[in-house]
Amino acid sequence: MSHDSESWPPPAPDDWAPPQAPEHWPPPGAQSGPPPVTPPAPKLGRAVERPHPLTGVAKSWIALFGLVFVVGRELIENGFEAVRDFGPGIWIFTGLALLVVLLTGIWGVIEWRTTTFVADEDEFRIERNFLSRESSRISYAKIQAVDIERSLAARLLGLASVQIDVGGAGGQKIEFLSRERAESLRDELLRRMRSLARHTDVEVPAVASDHAVPGGTAVVQGQGPGAPPAQPVLEQVIAMSAGTLLLGLFVSSFLPWLLGGIAFLVVMLVVGEGFSIAAVFGVVFGVGGYLWSQIVSNWNFTLTQVPDGLHIRRGLFTKVSKSLKADRIQAVSVHQDYLQRLTGLYRVRVTVLGFSGVGEGGERSDMVLPYGRWEDVRRVLAAFWPGINLDTIPLTGQPDRARWLTPLGFKRHLWGVDEHTLVAHHGWLDHTISLVPHRRMQSIGITQGPLQRRLRLATAAIHTTDGPVNMEVYHLDAQVAREFFDSQVERARVARETPGEPSYLTGFAPPGVGEPTDSDPGEDLDDRHSYGPPAAPPGSSR
Amino acid sequence: MPDSDPLFRPPGVEWRALSPNYLKLKMLMIFITWPILIAVVVIPLALWAPGPTWWIVLAVLLVIWLWRILRQPRAARRWGYAETDVDIYITHGLAWRQLTGVPYGRMQLVNVQSGPIERSFDLASVELVTSSTSGTITIPGLSREDAAALRDRLMERGELLQAGI
């Protein structure tokens, strides 16, 4: 409704640059990437800013769109007579829809008037004072990435929203800014973030592993222009054979599903009664699809050690090639399900800072070893955390009275801690080993339910960034739990305050040599955080 | 104040309690929401299912309500937070008890929130956000002044002890 936008004389706030909206109407194509040249950024200073006045319009666009669509279609299909024939119904509908548009619009305007943000020297602050008063502060050092998003409505109005990613929970979104302001704000935030992250930005040379000879053990690679004097040694850690893949896949908890599916098909074919194409297709696609996707995506899985982490290549048709920086790996879980205990195969997954685990193609990208023997597990672990040896950590069990709560898996719940790592074993039929270095601990918790309280037991949990690894030690003696809590807090503090990434977590001399190499965007799929600093600035204690 | 359970003893610094207004707010909410809830459940029952069912349900709900009212003061007293040099500790819960320790350096951001009802009681809650969802906790029911001061202290120490991720 055009009169809506006219009834919105954008009441420019005092410190607001003139809105750019009219110039962007019609929108400049579908370009979403940042333009090559950014206009001179307004000085940030301590100025308090507001989102763009057209925010309300952009937010009520769904209602507006629905109204235009329904009424417009009615008009086009049936002409004006239809409106007359339809009687008062259409007017009531239009009135209601207009009301919705108006209310969401007003809501948006109030939200806009009550939202302010400041980017000053040390932090970025957003204040929302509408229904509830909310004030969020983000220090620049915590920012992992800054993205600009442009929905359809925002594009039409020449607006953009800025999303600030802080790695885990607690990201913030500012809706909406003019496109120029959004871009200059992003650049400004990134500039401040970079100047705070004093870690040299060393990119994993994704190109290098392309030349790695399969089966070769030590391939020396140059890195193109600006190569550091020390040539990195690339070592292939794992090259999974097709046999291992098939063995691991078929002798696993997937087997019952496969057998069940086959049995179902056989029964269907033999009996013939009630033969349903839909059911057969369902089974074939369900079971076969999983089988197929596992084989296709994990085919030729190779893991290569590169200067600051790992490089994974896998896939039958779509080759996936992806870098994992060692300093982004937060926790590890080694898992073996009940049938894999027969074959002695394990799967290794990691919690990585900054991605949710489902990567391109919907495939899990947090898998660093799809199937492998215990020696393989050890080799993978040693590839990114060379100083951590699972076998030397002394393990303790639960106190006897915990049998009341874990009668079946009692003997298999073990935990241990050494100077660098916490490890926990769980499982009755299956077996999971979780591993978190103290340096990667975010926070720590103790919980105690009523039953545990009666038995004088408690559960301790180590929180890491979100991912597949869950680190919990349950049913400890209450006193032991609290002692562990206190000592773990201390161990984590010491580990955090050690300057630089410790050698047990890298195994390499601290990187910082050489220029960031240009990684091929088609190859390096881990560039979602291309704006971010490479995780932990190592000289972290300031 | 949390009671003298050695598992949840204070970490060197005494537990600080929430604002007394927090209990008032909680009690008010219990007295307002529970009658509505009970009415929503019991009135249709009484209309459509005559017989003893509805007053048994009513009795059970009333008992639960009474129990909530009686336990609320203790539950509110179980809340406590303590700031040491490097971490902040929070404990709460009556049946399911919790103790969480969050290093200042791990805090991604600190939110202060105060809804209209909270505001009328001069209350605000402080949300400590880390990179971990399970480590993200909210201290409810601080006086607004305390909340802002706590937020500022946390941010300041967080910057001092910056630990990346």
# chains A, B, ... in the order shown; residues from 1 in each chain; ligands from 1
>>> interface_residues(of="chain B", to="chain A", cutoff="7 Å", atoms="only C-alpha atoms", output="PyMOL selection string")
chain B and resi 7+95-103+106+108-116+129-135+160-165
>>> residues_around(residues="range 29-43 of chain B", least_positions_apart="2", cutoff="9 Å", atoms="only C-alpha atoms", output="PyMOL selection string")
chain B and resi 24-27+45-48+54-55+57-58+61-62+65+68-69
>>> closest_residue(among="A:Ser297, A:Gly260, A:Gly248, A:Thr421", to="Arg373 in chain A", atoms="only C-alpha atoms")
A:Gly248
>>> select_by_dssp(residues="range 409-461 of chain A", states="helix (DSSP H, G or I)", output="list in words")
Phe410, Lys411, Arg412, His438, Arg439, Arg440, Pro450, Leu451, Gln452, Arg453 and Arg454 of chain A
>>> write_last_selection(atoms="N, CA and C atoms", output="short mmCIF file (atom, residue, chain, number, x, y, z; two decimals), in the first residue's frame")
data_model
loop_
_atom_site.label_atom_id
_atom_site.label_comp_id
_atom_site.auth_asym_id
_atom_site.auth_seq_id
_atom_site.Cartn_x
_atom_site.Cartn_y
_atom_site.Cartn_z
N PHE A 410 27.14 -49.72 35.09
CA PHE A 410 27.90 -49.19 36.22
C PHE A 410 29.41 -49.21 36.01
N LYS A 411 29.93 -50.37 35.58
CA LYS A 411 31.38 -50.51 35.50
C LYS A 411 31.97 -49.73 34.33
N ARG A 412 31.12 -49.29 33.43
CA ARG A 412 31.65 -48.66 32.22
C ARG A 412 31.64 -47.14 32.31
N HIS A 438 41.53 -28.83 29.33
CA HIS A 438 41.13 -27.79 30.28
C HIS A 438 41.11 -26.42 29.63
N ARG A 439 42.00 -26.24 28.67
CA ARG A 439 42.08 -24.94 28.01
C ARG A 439 40.83 -24.60 27.23
N ARG A 440 40.05 -25.62 26.87
CA ARG A 440 38.85 -25.39 26.06
C ARG A 440 37.58 -25.30 26.90
N PRO A 450 17.00 -34.96 43.33
CA PRO A 450 16.55 -35.46 44.63
C PRO A 450 17.11 -36.86 44.96
N LEU A 451 17.12 -37.75 43.96
CA LEU A 451 17.63 -39.10 44.22
C LEU A 451 19.12 -39.07 44.52
N GLN A 452 19.83 -38.30 43.71
CA GLN A 452 21.28 -38.17 43.93
C GLN A 452 21.55 -37.61 45.31
N ARG A 453 20.69 -36.69 45.71
CA ARG A 453 20.87 -36.04 47.00
C ARG A 453 20.76 -37.06 48.11
N ARG A 454 19.78 -37.95 47.97
CA ARG A 454 19.57 -39.00 48.95
C ARG A 454 20.79 -39.92 49.02
#
>>> residues_around(residues="Glu83 in chain B", least_positions_apart="6", cutoff="9 Å", atoms="only C-alpha atoms", output="PyMOL selection string")
chain B and resi 11+13-16+89-90
>>> write_last_selection(atoms="C-alpha atoms", output="mmCIF file, in the first residue's frame")
data_model
loop_
_atom_site.group_PDB
_atom_site.id
_atom_site.type_symbol
_atom_site.label_atom_id
_atom_site.label_comp_id
_atom_site.auth_asym_id
_atom_site.auth_seq_id
_atom_site.Cartn_x
_atom_site.Cartn_y
_atom_site.Cartn_z
ATOM 1 C CA PRO B 11 33.629 -20.471 46.783
ATOM 2 C CA VAL B 13 33.289 -15.465 48.973
ATOM 3 C CA GLU B 14 29.875 -15.487 50.643
ATOM 4 C CA TRP B 15 26.811 -16.031 48.478
ATOM 5 C CA ARG B 16 24.951 -12.864 47.683
ATOM 6 C CA TYR B 89 29.502 -18.638 40.681
ATOM 7 C CA ILE B 90 25.781 -19.091 40.677
#
>>> residues_around(residues="range 278-290 of chain A", least_positions_apart="6", cutoff="10 Å", atoms="only C-alpha atoms", output="VMD selection string")
chain A and resid 254 to 255 257 to 262 264 to 265 268 to 269 296
>>> write_last_selection(atoms="N, CA and C atoms", output="compact mmCIF listing (two decimals), in the first residue's frame")
# COMPACT_ATOMS: atom_id res chain seq x y z
N PHE A 254 23.22 -49.76 12.40
CA PHE A 254 22.40 -49.63 11.20
C PHE A 254 21.95 -51.01 10.72
N LEU A 255 22.69 -52.07 11.09
CA LEU A 255 22.40 -53.42 10.59
C LEU A 255 20.97 -53.87 10.87
N TRP A 257 18.35 -52.19 11.10
CA TRP A 257 17.47 -51.46 10.20
C TRP A 257 17.54 -52.08 8.81
N LEU A 258 18.75 -52.39 8.38
CA LEU A 258 18.94 -52.96 7.05
C LEU A 258 18.23 -54.31 6.97
N LEU A 259 18.48 -55.18 7.99
CA LEU A 259 17.86 -56.50 7.99
C LEU A 259 16.35 -56.38 8.07
N GLY A 260 15.89 -55.48 8.92
CA GLY A 260 14.45 -55.26 9.04
C GLY A 260 13.86 -54.83 7.72
N GLY A 261 14.54 -53.93 7.04
CA GLY A 261 14.05 -53.45 5.75
C GLY A 261 13.99 -54.57 4.73
N ILE A 262 15.06 -55.40 4.70
CA ILE A 262 15.08 -56.51 3.74
C ILE A 262 13.98 -57.50 4.07
N PHE A 264 11.26 -56.97 5.55
CA PHE A 264 9.98 -56.37 5.19
C PHE A 264 9.70 -56.54 3.69
N LEU A 265 10.73 -56.26 2.89
CA LEU A 265 10.56 -56.38 1.44
C LEU A 265 10.26 -57.83 1.05
N MET A 268 6.81 -58.76 1.98
CA MET A 268 5.91 -58.10 1.03
C MET A 268 5.81 -58.87 -0.27
N LEU A 269 6.99 -59.29 -0.78
CA LEU A 269 7.01 -59.97 -2.08
C LEU A 269 6.40 -61.36 -1.98
N VAL A 296 28.65 -42.68 -0.24
CA VAL A 296 29.07 -41.64 -1.18
C VAL A 296 29.85 -40.54 -0.47
>>> atom_distance(atom1="CA of Leu345 in chain A", atom2="CA of Ser253 in chain A")
12.3 Å
>>> decode(residues="range 292-314 of chain A", atoms="N, CA and C atoms", output="PDB file, in the first residue's frame")
ATOM      1  N   TRP A 292      23.464 -45.253   0.962  1.00  0.00           N
ATOM      2  CA  TRP A 292      24.051 -44.571  -0.185  1.00  0.00           C
ATOM      3  C   TRP A 292      24.780 -43.306   0.249  1.00  0.00           C
ATOM      4  N   SER A 293      24.102 -42.514   1.073  1.00  0.00           N
ATOM      5  CA  SER A 293      24.710 -41.233   1.443  1.00  0.00           C
ATOM      6  C   SER A 293      25.968 -41.466   2.269  1.00  0.00           C
ATOM      7  N   GLN A 294      25.934 -42.477   3.129  1.00  0.00           N
ATOM      8  CA  GLN A 294      27.123 -42.756   3.935  1.00  0.00           C
ATOM      9  C   GLN A 294      28.291 -43.187   3.061  1.00  0.00           C
ATOM     10  N   ILE A 295      27.986 -44.056   2.095  1.00  0.00           N
ATOM     11  CA  ILE A 295      29.064 -44.539   1.229  1.00  0.00           C
ATOM     12  C   ILE A 295      29.593 -43.407   0.363  1.00  0.00           C
ATOM     13  N   VAL A 296      28.652 -42.677  -0.243  1.00  0.00           N
ATOM     14  CA  VAL A 296      29.067 -41.640  -1.180  1.00  0.00           C
ATOM     15  C   VAL A 296      29.852 -40.535  -0.473  1.00  0.00           C
ATOM     16  N   SER A 297      29.378 -40.156   0.710  1.00  0.00           N
ATOM     17  CA  SER A 297      30.037 -38.998   1.319  1.00  0.00           C
ATOM     18  C   SER A 297      31.341 -39.386   2.009  1.00  0.00           C
ATOM     19  N   ASN A 298      31.480 -40.641   2.438  1.00  0.00           N
ATOM     20  CA  ASN A 298      32.697 -41.003   3.156  1.00  0.00           C
ATOM     21  C   ASN A 298      33.692 -41.772   2.296  1.00  0.00           C
ATOM     22  N   TRP A 299      33.382 -41.903   1.024  1.00  0.00           N
ATOM     23  CA  TRP A 299      34.259 -42.645   0.144  1.00  0.00           C
ATOM     24  C   TRP A 299      35.630 -41.970   0.067  1.00  0.00           C
ATOM     25  N   ASN A 300      36.668 -42.779   0.103  1.00  0.00           N
ATOM     26  CA  ASN A 300      38.021 -42.241  -0.032  1.00  0.00           C
ATOM     27  C   ASN A 300      38.343 -41.176   1.004  1.00  0.00           C
ATOM     28  N   PHE A 301      37.898 -41.397   2.195  1.00  0.00           N
ATOM     29  CA  PHE A 301      38.140 -40.413   3.250  1.00  0.00           C
ATOM     30  C   PHE A 301      39.629 -40.354   3.564  1.00  0.00           C
ATOM     31  N   THR A 302      40.186 -39.166   3.436  1.00  0.00           N
ATOM     32  CA  THR A 302      41.583 -39.026   3.838  1.00  0.00           C
ATOM     33  C   THR A 302      41.713 -37.839   4.773  1.00  0.00           C
ATOM     34  N   LEU A 303      42.589 -37.991   5.711  1.00  0.00           N
ATOM     35  CA  LEU A 303      42.844 -36.940   6.678  1.00  0.00           C
ATOM     36  C   LEU A 303      44.326 -36.616   6.587  1.00  0.00           C
ATOM     37  N   THR A 304      44.608 -35.340   6.351  1.00  0.00           N
ATOM     38  CA  THR A 304      45.994 -34.938   6.191  1.00  0.00           C
ATOM     39  C   THR A 304      46.321 -33.906   7.245  1.00  0.00           C
ATOM     40  N   GLN A 305      47.522 -34.001   7.757  1.00  0.00           N
ATOM     41  CA  GLN A 305      47.951 -33.012   8.736  1.00  0.00           C
ATOM     42  C   GLN A 305      48.545 -31.834   7.982  1.00  0.00           C
ATOM     43  N   VAL A 306      48.063 -30.660   8.257  1.00  0.00           N
ATOM     44  CA  VAL A 306      48.605 -29.448   7.641  1.00  0.00           C
ATOM     45  C   VAL A 306      49.123 -28.557   8.762  1.00  0.00           C
ATOM     46  N   PRO A 307      49.849 -27.508   8.429  1.00  0.00           N
ATOM     47  CA  PRO A 307      50.555 -26.746   9.476  1.00  0.00           C
ATOM     48  C   PRO A 307      49.742 -26.387  10.712  1.00  0.00           C
ATOM     49  N   ASP A 308      48.497 -25.955  10.569  1.00  0.00           N
ATOM     50  CA  ASP A 308      47.832 -25.629  11.828  1.00  0.00           C
ATOM     51  C   ASP A 308      46.539 -26.410  12.016  1.00  0.00           C
ATOM     52  N   GLY A 309      46.534 -27.620  11.530  1.00  0.00           N
ATOM     53  CA  GLY A 309      45.333 -28.398  11.767  1.00  0.00           C
ATOM     54  C   GLY A 309      45.236 -29.596  10.857  1.00  0.00           C
ATOM     55  N   LEU A 310      44.007 -29.827  10.429  1.00  0.00           N
ATOM     56  CA  LEU A 310      43.738 -31.014   9.632  1.00  0.00           C
ATOM     57  C   LEU A 310      43.129 -30.610   8.311  1.00  0.00           C
ATOM     58  N   HIS A 311      43.270 -31.492   7.348  1.00  0.00           N
ATOM     59  CA  HIS A 311      42.579 -31.288   6.094  1.00  0.00           C
ATOM     60  C   HIS A 311      41.879 -32.581   5.730  1.00  0.00           C
ATOM     61  N   ILE A 312      40.582 -32.468   5.475  1.00  0.00           N
ATOM     62  CA  ILE A 312      39.781 -33.654   5.204  1.00  0.00           C
ATOM     63  C   ILE A 312      39.365 -33.646   3.742  1.00  0.00           C
ATOM     64  N   ARG A 313      39.533 -34.771   3.094  1.00  0.00           N
ATOM     65  CA  ARG A 313      38.994 -34.925   1.746  1.00  0.00           C
ATOM     66  C   ARG A 313      38.194 -36.199   1.711  1.00  0.00           C
ATOM     67  N   ARG A 314      36.997 -36.097   1.143  1.00  0.00           N
ATOM     68  CA  ARG A 314      36.160 -37.288   1.088  1.00  0.00           C
ATOM     69  C   ARG A 314      35.133 -37.119  -0.009  1.00  0.00           C
TER      70      ARG A 314
END
